[in-house]
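File shown: my_file03.cif. Contents: mmCIF, C-alpha atoms and all ligand atoms.
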data_structure
#
loop_
_atom_site.label_atom_id
_atom_site.label_comp_id
_atom_site.auth_asym_id
_atom_site.auth_seq_id
_atom_site.Cartn_x
_atom_site.Cartn_y
_atom_site.Cartn_z
CA MET A 1 -3.23 14.24 -21.57
CA LYS A 2 -2.89 11.73 -18.73
CA LYS A 3 -6.07 11.28 -16.76
CA ILE A 4 -5.75 10.81 -13.03
CA ILE A 5 -8.83 10.09 -10.94
CA VAL A 6 -8.42 11.54 -7.46
CA ILE A 7 -10.49 9.85 -4.75
CA PRO A 8 -9.97 11.70 -1.46
CA GLY A 9 -12.43 9.43 0.40
CA ASP A 10 -12.79 9.93 4.17
CA GLY A 11 -10.84 11.12 7.20
CA ILE A 12 -7.43 12.56 6.36
CA GLY A 13 -7.93 11.48 2.72
CA LYS A 14 -8.88 14.96 1.57
CA GLU A 15 -5.86 16.62 3.19
CA ILE A 16 -3.25 14.15 1.98
CA THR A 17 -4.57 13.83 -1.58
CA GLY A 18 -4.58 17.65 -1.63
CA SER A 19 -0.86 17.57 -0.82
CA ALA A 20 -0.10 14.91 -3.43
CA VAL A 21 -1.98 16.84 -6.13
CA ALA A 22 -0.10 20.04 -5.25
CA VAL A 23 3.17 18.15 -5.70
CA LEU A 24 2.00 16.57 -8.97
CA LYS A 25 1.02 19.99 -10.32
CA LYS A 26 4.49 21.31 -9.59
CA ILE A 27 6.00 18.24 -11.27
CA ASP A 28 3.77 18.79 -14.29
CA GLU A 29 5.00 22.38 -14.63
CA LYS A 30 8.54 21.08 -14.64
CA PHE A 31 8.23 17.92 -16.74
CA LYS A 32 5.27 18.92 -18.98
CA ILE A 33 3.54 15.55 -18.66
CA GLY A 34 0.03 16.94 -19.22
CA LEU A 35 -1.75 15.73 -16.09
CA GLU A 36 -5.52 16.07 -15.82
CA PHE A 37 -7.30 15.54 -12.49
CA ASP A 38 -10.85 14.29 -12.09
CA TYR A 39 -12.33 14.04 -8.56
CA ARG A 40 -14.68 11.25 -7.41
CA ASP A 41 -16.17 10.06 -4.13
CA ALA A 42 -15.76 6.66 -2.52
CA GLY A 43 -16.22 5.12 0.91
CA GLY A 44 -18.25 6.94 3.55
CA ALA A 45 -18.26 10.12 1.45
CA SER A 46 -19.96 8.24 -1.39
CA TYR A 47 -22.34 6.42 0.96
CA ASP A 48 -23.51 9.74 2.41
CA LYS A 49 -24.21 11.15 -1.07
CA TYR A 50 -25.40 8.15 -3.07
CA GLY A 51 -26.20 5.43 -0.51
CA GLU A 52 -23.36 3.25 -1.92
CA PRO A 53 -19.66 3.18 -0.97
CA LEU A 54 -18.71 2.85 -4.66
CA THR A 55 -21.01 3.67 -7.57
CA ALA A 56 -20.86 1.86 -10.92
CA GLU A 57 -20.17 5.21 -12.53
CA THR A 58 -17.12 5.83 -10.35
CA LEU A 59 -15.77 2.35 -11.08
CA ASP A 60 -16.25 2.89 -14.82
CA ALA A 61 -14.49 6.26 -14.65
CA CYS A 62 -11.59 4.55 -12.85
CA LYS A 63 -11.36 1.84 -15.49
CA ALA A 64 -11.00 4.52 -18.18
CA ALA A 65 -8.31 6.51 -16.33
CA ASP A 66 -4.53 6.20 -16.55
CA ALA A 67 -4.18 6.05 -12.79
CA ILE A 68 -6.04 6.52 -9.53
CA LEU A 69 -4.76 8.51 -6.59
CA PHE A 70 -6.65 7.32 -3.54
CA GLY A 71 -6.72 8.84 -0.04
CA ALA A 72 -8.37 6.62 2.57
CA VAL A 73 -11.80 5.32 3.52
CA GLY A 74 -13.65 4.58 6.73
CA GLY A 75 -14.37 6.13 10.10
CA PRO A 76 -16.50 5.67 13.21
CA LYS A 77 -19.43 7.44 11.56
CA TRP A 78 -20.01 4.40 9.32
CA ASP A 79 -19.04 1.64 11.77
CA ASN A 80 -22.57 0.45 12.33
CA ILE A 81 -23.99 0.38 8.84
CA GLU A 82 -24.83 -2.82 6.99
CA VAL A 83 -21.70 -4.81 6.00
CA SER A 84 -22.28 -4.51 2.23
CA LYS A 85 -22.32 -0.69 2.49
CA ARG A 86 -19.25 -0.25 4.69
CA PRO A 87 -16.65 2.23 3.36
CA GLU A 88 -13.99 -0.52 3.02
CA LYS A 89 -16.23 -2.12 0.40
CA ALA A 90 -15.20 0.70 -1.94
CA LEU A 91 -11.60 -0.37 -1.66
CA PHE A 92 -12.45 -4.02 -2.32
CA GLY A 93 -14.72 -3.05 -5.24
CA LEU A 94 -11.93 -1.02 -6.82
CA ARG A 95 -9.23 -3.64 -6.20
CA LYS A 96 -11.37 -6.45 -7.59
CA GLY A 97 -13.05 -4.34 -10.30
CA LEU A 98 -9.70 -3.22 -11.69
CA GLY A 99 -8.07 -6.65 -11.23
CA LEU A 100 -5.36 -5.14 -9.01
CA TYR A 101 -3.75 -8.35 -7.80
CA GLY A 102 -0.30 -6.97 -6.98
CA ASN A 103 0.19 -4.55 -4.12
CA LEU A 104 3.70 -3.12 -3.81
CA ARG A 105 4.55 -1.62 -0.44
CA PRO A 106 8.12 -0.34 -0.26
CA VAL A 107 9.55 0.40 3.18
CA LYS A 108 12.63 2.51 3.48
CA ILE A 109 14.25 3.68 6.68
CA TYR A 110 15.23 7.33 6.36
CA ASP A 111 18.53 8.16 8.02
CA ALA A 112 17.02 11.46 9.18
CA LEU A 113 14.27 9.58 11.03
CA ILE A 114 16.26 6.70 12.41
CA ASP A 115 15.80 7.62 16.06
CA GLY A 116 12.04 7.77 15.47
CA SER A 117 12.06 4.01 14.93
CA PRO A 118 11.01 1.89 17.91
CA LEU A 119 13.97 -0.39 17.02
CA LYS A 120 17.58 0.38 17.92
CA PRO A 121 19.34 2.33 15.17
CA GLU A 122 21.98 -0.38 14.68
CA ILE A 123 19.22 -2.93 14.00
CA VAL A 124 17.08 -0.88 11.66
CA ARG A 125 19.68 1.17 9.78
CA GLY A 126 19.76 0.35 6.07
CA ALA A 127 16.52 -1.68 6.06
CA ASP A 128 15.00 -1.40 2.60
CA ILE A 129 12.18 -3.82 1.88
CA LEU A 130 9.51 -4.28 -0.75
CA ILE A 131 6.40 -6.13 0.35
CA VAL A 132 4.51 -7.69 -2.54
CA ARG A 133 1.05 -8.43 -1.18
CA GLU A 134 -1.57 -10.46 -3.07
CA LEU A 135 -4.58 -8.16 -3.15
CA VAL A 136 -7.66 -9.74 -4.74
CA GLY A 137 -7.75 -13.26 -3.33
CA GLY A 138 -7.39 -15.25 -0.13
CA ILE A 139 -9.54 -14.84 2.94
CA TYR A 140 -10.54 -11.29 1.96
CA PHE A 141 -12.53 -12.59 -0.99
CA GLY A 142 -13.27 -16.21 -0.04
CA GLU A 143 -16.73 -17.42 0.85
CA ARG A 144 -17.92 -16.30 4.27
CA CYS A 145 -20.85 -16.56 6.61
CA GLU A 146 -21.71 -13.71 8.97
CA SER A 147 -23.80 -15.90 11.23
CA GLU A 148 -25.30 -19.37 11.31
CA THR A 149 -26.58 -21.52 14.11
CA VAL A 150 -25.54 -25.14 14.38
CA ASP A 151 -26.86 -27.26 17.24
CA GLY A 152 -28.03 -24.11 18.98
CA VAL A 153 -24.59 -22.45 18.80
CA GLU A 154 -24.03 -19.35 16.72
CA ARG A 155 -20.89 -19.22 14.60
CA ALA A 156 -19.32 -17.35 11.67
CA TRP A 157 -16.64 -18.30 9.17
CA ASP A 158 -14.34 -17.11 6.38
CA THR A 159 -12.38 -19.07 3.79
CA GLU A 160 -8.75 -18.76 2.75
CA ILE A 161 -8.63 -19.90 -0.87
CA TYR A 162 -5.90 -19.61 -3.53
CA SER A 163 -5.64 -21.08 -7.02
CA VAL A 164 -2.40 -21.91 -8.84
CA PRO A 165 -2.74 -19.03 -11.38
CA GLU A 166 -3.47 -16.55 -8.59
CA ILE A 167 -0.30 -17.58 -6.79
CA GLU A 168 1.78 -17.73 -9.95
CA ARG A 169 1.09 -14.19 -11.10
CA ILE A 170 1.87 -12.56 -7.75
CA VAL A 171 5.02 -14.64 -7.29
CA LYS A 172 6.21 -13.67 -10.78
CA LEU A 173 5.65 -10.02 -9.92
CA ALA A 174 7.81 -10.53 -6.81
CA PHE A 175 10.63 -12.22 -8.75
CA GLU A 176 10.54 -9.55 -11.46
CA SER A 177 10.67 -6.83 -8.79
CA ALA A 178 13.59 -8.57 -7.06
CA ARG A 179 15.55 -8.54 -10.32
CA LYS A 180 15.49 -4.74 -10.19
CA ARG A 181 16.66 -4.79 -6.54
CA ARG A 182 18.98 -7.04 -4.52
CA LYS A 183 17.70 -10.29 -6.09
CA LYS A 184 16.34 -11.92 -2.97
CA VAL A 185 12.76 -13.11 -2.40
CA THR A 186 11.32 -14.28 0.90
CA SER A 187 7.96 -15.99 0.51
CA VAL A 188 5.87 -15.89 3.67
CA ASP A 189 3.26 -18.54 4.45
CA LYS A 190 1.94 -20.84 7.18
CA ALA A 191 2.64 -24.10 5.38
CA ASN A 192 3.04 -26.02 8.64
CA VAL A 193 -0.71 -25.57 9.21
CA LEU A 194 -2.65 -24.35 6.16
CA ALA A 195 -3.37 -26.29 2.96
CA SER A 196 -3.56 -23.04 0.98
CA SER A 197 -0.06 -22.19 2.23
CA ARG A 198 1.28 -25.61 1.18
CA LEU A 199 0.00 -24.97 -2.34
CA TRP A 200 1.47 -21.47 -2.17
CA ARG A 201 4.89 -22.87 -1.25
CA ARG A 202 4.76 -25.48 -4.02
CA VAL A 203 3.94 -22.87 -6.67
CA VAL A 204 6.64 -20.54 -5.33
CA ASN A 205 9.27 -23.30 -5.60
CA GLU A 206 8.11 -24.18 -9.10
CA THR A 207 8.12 -20.53 -10.28
CA ALA A 208 11.56 -19.96 -8.76
CA LYS A 209 13.05 -22.32 -11.38
CA ASP A 210 12.51 -19.59 -13.99
CA TYR A 211 14.55 -17.15 -11.88
CA PRO A 212 17.86 -18.88 -11.12
CA ASP A 213 19.51 -15.48 -10.61
CA VAL A 214 17.19 -14.70 -7.66
CA THR A 215 17.66 -16.27 -4.22
CA LEU A 216 14.47 -17.64 -2.68
CA ASN A 217 13.66 -18.62 0.86
CA SER A 218 10.33 -19.46 2.45
CA MET A 219 9.47 -18.41 5.98
CA TYR A 220 6.51 -18.98 8.28
CA VAL A 221 4.55 -15.83 8.99
CA ASP A 222 5.06 -15.96 12.76
CA ASN A 223 8.82 -16.23 12.30
CA CYS A 224 8.73 -13.40 9.74
CA ALA A 225 6.96 -11.14 12.26
CA ALA A 226 9.77 -11.86 14.73
CA GLN A 227 12.57 -11.52 12.16
CA LEU A 228 11.26 -8.10 11.17
CA ALA A 229 11.87 -6.85 14.67
CA ILE A 230 15.15 -8.73 15.20
CA ASN A 231 16.92 -8.37 11.86
CA PRO A 232 14.98 -6.36 9.27
CA THR A 233 17.96 -5.81 6.98
CA GLN A 234 17.94 -9.51 5.94
CA PHE A 235 14.91 -8.84 3.70
CA ASP A 236 14.76 -7.56 0.15
CA VAL A 237 11.43 -8.57 -1.45
CA ILE A 238 8.75 -10.28 0.63
CA VAL A 239 5.86 -11.95 -1.20
CA THR A 240 2.80 -13.08 0.66
CA SER A 241 -0.97 -13.54 0.76
CA ASN A 242 -3.56 -10.81 1.15
CA MET A 243 -4.06 -11.27 4.90
CA PHE A 244 -0.44 -11.86 5.91
CA GLY A 245 0.60 -8.91 3.72
CA ASP A 246 -1.91 -6.66 5.44
CA ILE A 247 -0.57 -7.52 8.88
CA LEU A 248 3.14 -7.55 8.07
CA SER A 249 3.01 -4.26 6.18
CA ASP A 250 1.71 -2.43 9.25
CA GLU A 251 4.52 -3.93 11.31
CA PHE A 252 7.01 -2.77 8.69
CA ALA A 253 5.51 0.67 8.61
CA ALA A 254 5.82 0.90 12.37
CA ILE A 255 9.52 0.05 12.40
CA GLY A 256 10.04 2.94 9.98
CA GLY A 257 8.83 5.33 12.67
CA SER A 258 5.40 6.33 11.36
CA LEU A 259 2.53 4.79 9.42
CA GLY A 260 2.22 8.08 7.58
CA LEU A 261 5.38 7.57 5.55
CA LEU A 262 4.45 4.54 3.52
CA PRO A 263 3.16 4.55 -0.04
CA SER A 264 1.73 1.74 -2.12
CA ALA A 265 1.01 0.88 -5.72
CA SER A 266 -1.57 -1.67 -6.80
CA LEU A 267 -1.07 -3.10 -10.25
CA GLY A 268 -3.01 -5.65 -12.20
CA GLU A 269 -4.24 -7.17 -15.40
CA GLY A 270 -5.35 -3.86 -16.88
CA THR A 271 -3.40 -0.69 -17.46
CA THR A 272 -4.89 1.36 -14.64
CA GLY A 273 -2.70 1.58 -11.55
CA PHE A 274 -3.97 2.51 -8.11
CA TYR A 275 -1.94 4.49 -5.57
CA GLU A 276 -2.59 5.04 -1.88
CA GLN A 277 -0.76 5.55 1.38
CA ILE A 278 -1.26 2.62 3.70
CA ALA A 279 -2.05 4.22 7.05
CA GLY A 280 -5.81 4.49 6.69
CA SER A 281 -8.17 7.38 7.31
CA ALA A 282 -6.97 8.38 10.83
CA PRO A 283 -10.34 9.85 11.88
CA ASP A 284 -8.87 11.08 15.19
CA ILE A 285 -6.76 13.72 13.42
CA ALA A 286 -8.88 14.30 10.31
CA GLY A 287 -9.64 17.90 9.41
CA LYS A 288 -7.03 19.29 11.80
CA GLY A 289 -4.41 19.93 9.12
CA VAL A 290 -1.76 17.89 10.93
CA ALA A 291 -1.71 14.61 8.96
CA ASN A 292 1.60 13.45 7.53
CA PRO A 293 1.18 13.62 3.72
CA ILE A 294 4.51 11.97 2.87
CA GLY A 295 3.10 8.46 2.29
CA GLU A 296 0.56 9.90 -0.13
CA ILE A 297 3.13 12.07 -1.91
CA LEU A 298 5.40 9.03 -2.27
CA SER A 299 2.37 7.21 -3.70
CA ALA A 300 2.13 9.97 -6.31
CA ALA A 301 5.80 9.29 -7.13
CA MET A 302 4.97 5.61 -7.60
CA LEU A 303 2.10 6.66 -9.89
CA LEU A 304 4.55 8.55 -12.08
CA ARG A 305 6.93 5.59 -12.08
CA TYR A 306 4.55 2.69 -12.73
CA SER A 307 1.59 4.17 -14.60
CA LEU A 308 3.17 7.02 -16.55
CA ASN A 309 6.70 5.72 -16.97
CA GLU A 310 8.11 9.02 -15.67
CA GLU A 311 11.03 7.68 -13.64
CA LYS A 312 12.88 10.98 -13.53
CA ALA A 313 9.82 12.81 -12.19
CA ALA A 314 9.31 10.10 -9.57
CA GLN A 315 12.91 10.42 -8.39
CA THR A 316 12.55 14.18 -8.26
CA ILE A 317 9.72 13.83 -5.74
CA GLU A 318 11.63 11.26 -3.67
CA ALA A 319 14.71 13.49 -3.58
CA ALA A 320 12.58 16.51 -2.56
CA ILE A 321 11.20 14.49 0.37
CA ASP A 322 14.68 13.36 1.44
CA LYS A 323 15.82 16.99 1.36
CA THR A 324 12.76 18.24 3.27
CA LEU A 325 13.38 15.71 6.04
CA ALA A 326 17.13 16.41 6.08
CA ASP A 327 16.29 20.13 6.42
CA GLY A 328 14.36 19.33 9.60
CA TYR A 329 10.73 19.72 8.54
CA ARG A 330 8.46 17.35 10.50
CA THR A 331 4.75 16.75 10.98
CA GLY A 332 3.69 15.97 14.56
CA ASP A 333 3.94 12.17 14.20
CA ILE A 334 7.70 12.34 13.48
CA TYR A 335 8.55 15.54 15.36
CA LYS A 336 11.58 15.79 17.65
CA ASP A 337 12.72 18.75 19.77
CA GLY A 338 14.74 21.33 17.89
CA LEU A 339 13.24 20.56 14.48
CA LYS A 340 10.62 22.49 12.49
CA LYS A 341 7.14 21.35 13.49
CA CYS A 342 4.82 21.66 10.48
CA SER A 343 1.21 21.39 9.51
CA THR A 344 0.23 19.27 6.50
CA ALA A 345 0.19 22.41 4.34
CA GLU A 346 3.60 23.63 5.56
CA ILE A 347 5.46 20.39 4.93
CA THR A 348 3.75 20.08 1.53
CA GLN A 349 4.97 23.57 0.63
CA ALA A 350 8.49 22.67 1.78
CA ILE A 351 8.44 19.64 -0.53
CA VAL A 352 6.99 21.64 -3.47
CA ASP A 353 9.73 24.26 -2.95
CA ARG A 354 12.40 21.55 -3.28
CA ILE A 355 11.16 20.28 -6.65
C1 LIG A 401 -4.82 -1.88 3.87
C2 LIG A 401 -6.00 -1.64 4.75
C3 LIG A 401 -7.24 -2.31 4.18
C4 LIG A 401 -6.96 -3.79 4.04
C5 LIG A 401 -8.50 -2.04 5.01
C6 LIG A 401 -8.82 -0.57 5.09
C7 LIG A 401 -9.70 -2.81 4.53
O1 LIG A 401 -5.73 -2.09 6.05
O2 LIG A 401 -4.89 -1.49 2.67
O3 LIG A 401 -3.83 -2.42 4.34
O4 LIG A 401 -7.11 -4.55 5.00
O5 LIG A 401 -6.59 -4.21 2.93
MG MG A 402 -3.75 -2.74 6.36
#
Take the structure from the file and write it as structure tokens.
Amino acid sequence: MKKIIVIPGDGIGKEITGSAVAVLKKIDEKFKIGLEFDYRDAGGASYDKYGEPLTAETLDACKAADAILFGAVGGPKWDNIEVSKRPEKALFGLRKGLGLYGNLRPVKIYDALIDGSPLKPEIVRGADILIVRELVGGIYFGERCESETVDGVERAWDTEIYSVPEIERIVKLAFESARKRRKKVTSVDKANVLASSRLWRRVVNETAKDYPDVTLNSMYVDNCAAQLAINPTQFDVIVTSNMFGDILSDEFAAIGGSLGLLPSASLGEGTTGFYEQIAGSAPDIAGKGVANPIGEILSAAMLLRYSLNEEKAAQTIEAAIDKTLADGYRTGDIYKDGLKKCSTAEITQAIVDRI
């Protein structure tokens, strides 16, 4: 048996993990993998029940599982609680607790959705990018101060900090990933200003010597943000820090036409992989049955690929999604006149039917 912990979390998390599990069950019928699902709470849902966004028991259960399928956390209901109890803390606790340093965020532009992109079709057509985001270091985990008063003036601060081994392992992951793609790595930093970025660039250049078959270029983050809008097809693999990766991956998602389409895989030192769509909990549409589940279903495909080594099953899901979109099924976020407007459940069924 392969044990998958399902953490629906908050907002649309329950709806989209429901869709991904329905797809995985159909896959399991077909490929006889032997999937077992175990449900846990995290984020606001866990805070409401246990007073903690992530319990030690849930973290232990995750460590013992083959993979985690995660929905989303957060929402206005928990905006004003103490910082250490905020729903996002569950995500950080899981990322850090499982040592998930490498976050893979693939962005593909579907031909069927090309006019949904805010960019002109001739600019965006063919864009196919993998963002490799460092996930357990940098300013997200550096020392911080919520408030201090110096000379009568209140201030707060955070620290961007990276060590050589932390940079090395994420950069290696990027080079290895590029070898399976178009063999091009763009490392994104702010080395004209930040010391941590200058170290980052040095380690990237050093590591690149072990990968002579892969082309490397380094780019400042502000330029990268512009290049993404001007000429997104120049990129293959992008490797960057936690914070820059967070920002750039939303920009990427947007040029694809909807945040709801993007999956991610978080991999690390251990054997447990973590899979989530990247759009967040979308509290404004939660519970209405209209969320786009495709990013989460694609995350389930990544789970099969990276944690269970079931490449064929992963491709089967991806092909079913291509077919569903080509056949005109659309949730509201990607709907266009003349196509079939679907609820979360309807598009999920259309995908299941194509497996
Ligand atoms: C993401 C999200 C998270 C992050 C939030 C929810 C804390 O935006 O996974 O990109 O910033 O890492
Ligand atoms: Mg983000």
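What separates CA of Lys96 in chain A from CA of Val136 in chain A is a distance of 5.7 Å.
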Could you list, with a cut-off of 7 Å and counting all atoms listed in the file, the residues of chain A near ligand MG 402 (chain A), each shown with its nearest atom pair and the distance in Å rounded to one decimal, rows sorted by chain and ascending number, as a Markdown table?
| residue | atom | partner | partner_atom | distance |
| --- | --- | --- | --- | --- |
| A:Asp246 | CA | A:MG402 | MG | 4.4 |
| A:Ile247 | CA | A:MG402 | MG | 6.3 |
| A:Ser249 | CA | A:MG402 | MG | 6.9 |
| A:Asp250 | CA | A:MG402 | MG | 6.2 |
| A:Ile278 | CA | A:MG402 | MG | 6.5 |
(request) Might you pull out every residue within 8 Å of range 32-48 of chain A, with only C-alpha atoms counted and same-chain residues fewer than 3 positions away left off, and present them as number ranges by chain? (result) A: 1-10, 25, 27-29, 51-55, 58, 73-75, 78, 85-91
(request) Select, from A:Glu276, A:Glu168, A:Asp66, A:Glu296, the residue with the minimum atom-to-atom distance to ligand LIG 401 (chain A), counting only C-alpha atoms and all ligand atoms. (result)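 Answer, going by the shortest atom-to-atom distance: A:Glu276.
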(message) I'd like the neighbourhood of range 108-111 of chain A as number ranges by chain, where a residue qualifies if any of its atoms comes within 8 Å (using all atoms listed in the file), though same-chain residues fewer than 2 positions away should be ignored.
(response) A: 106, 113-114, 124-129, 256, 322
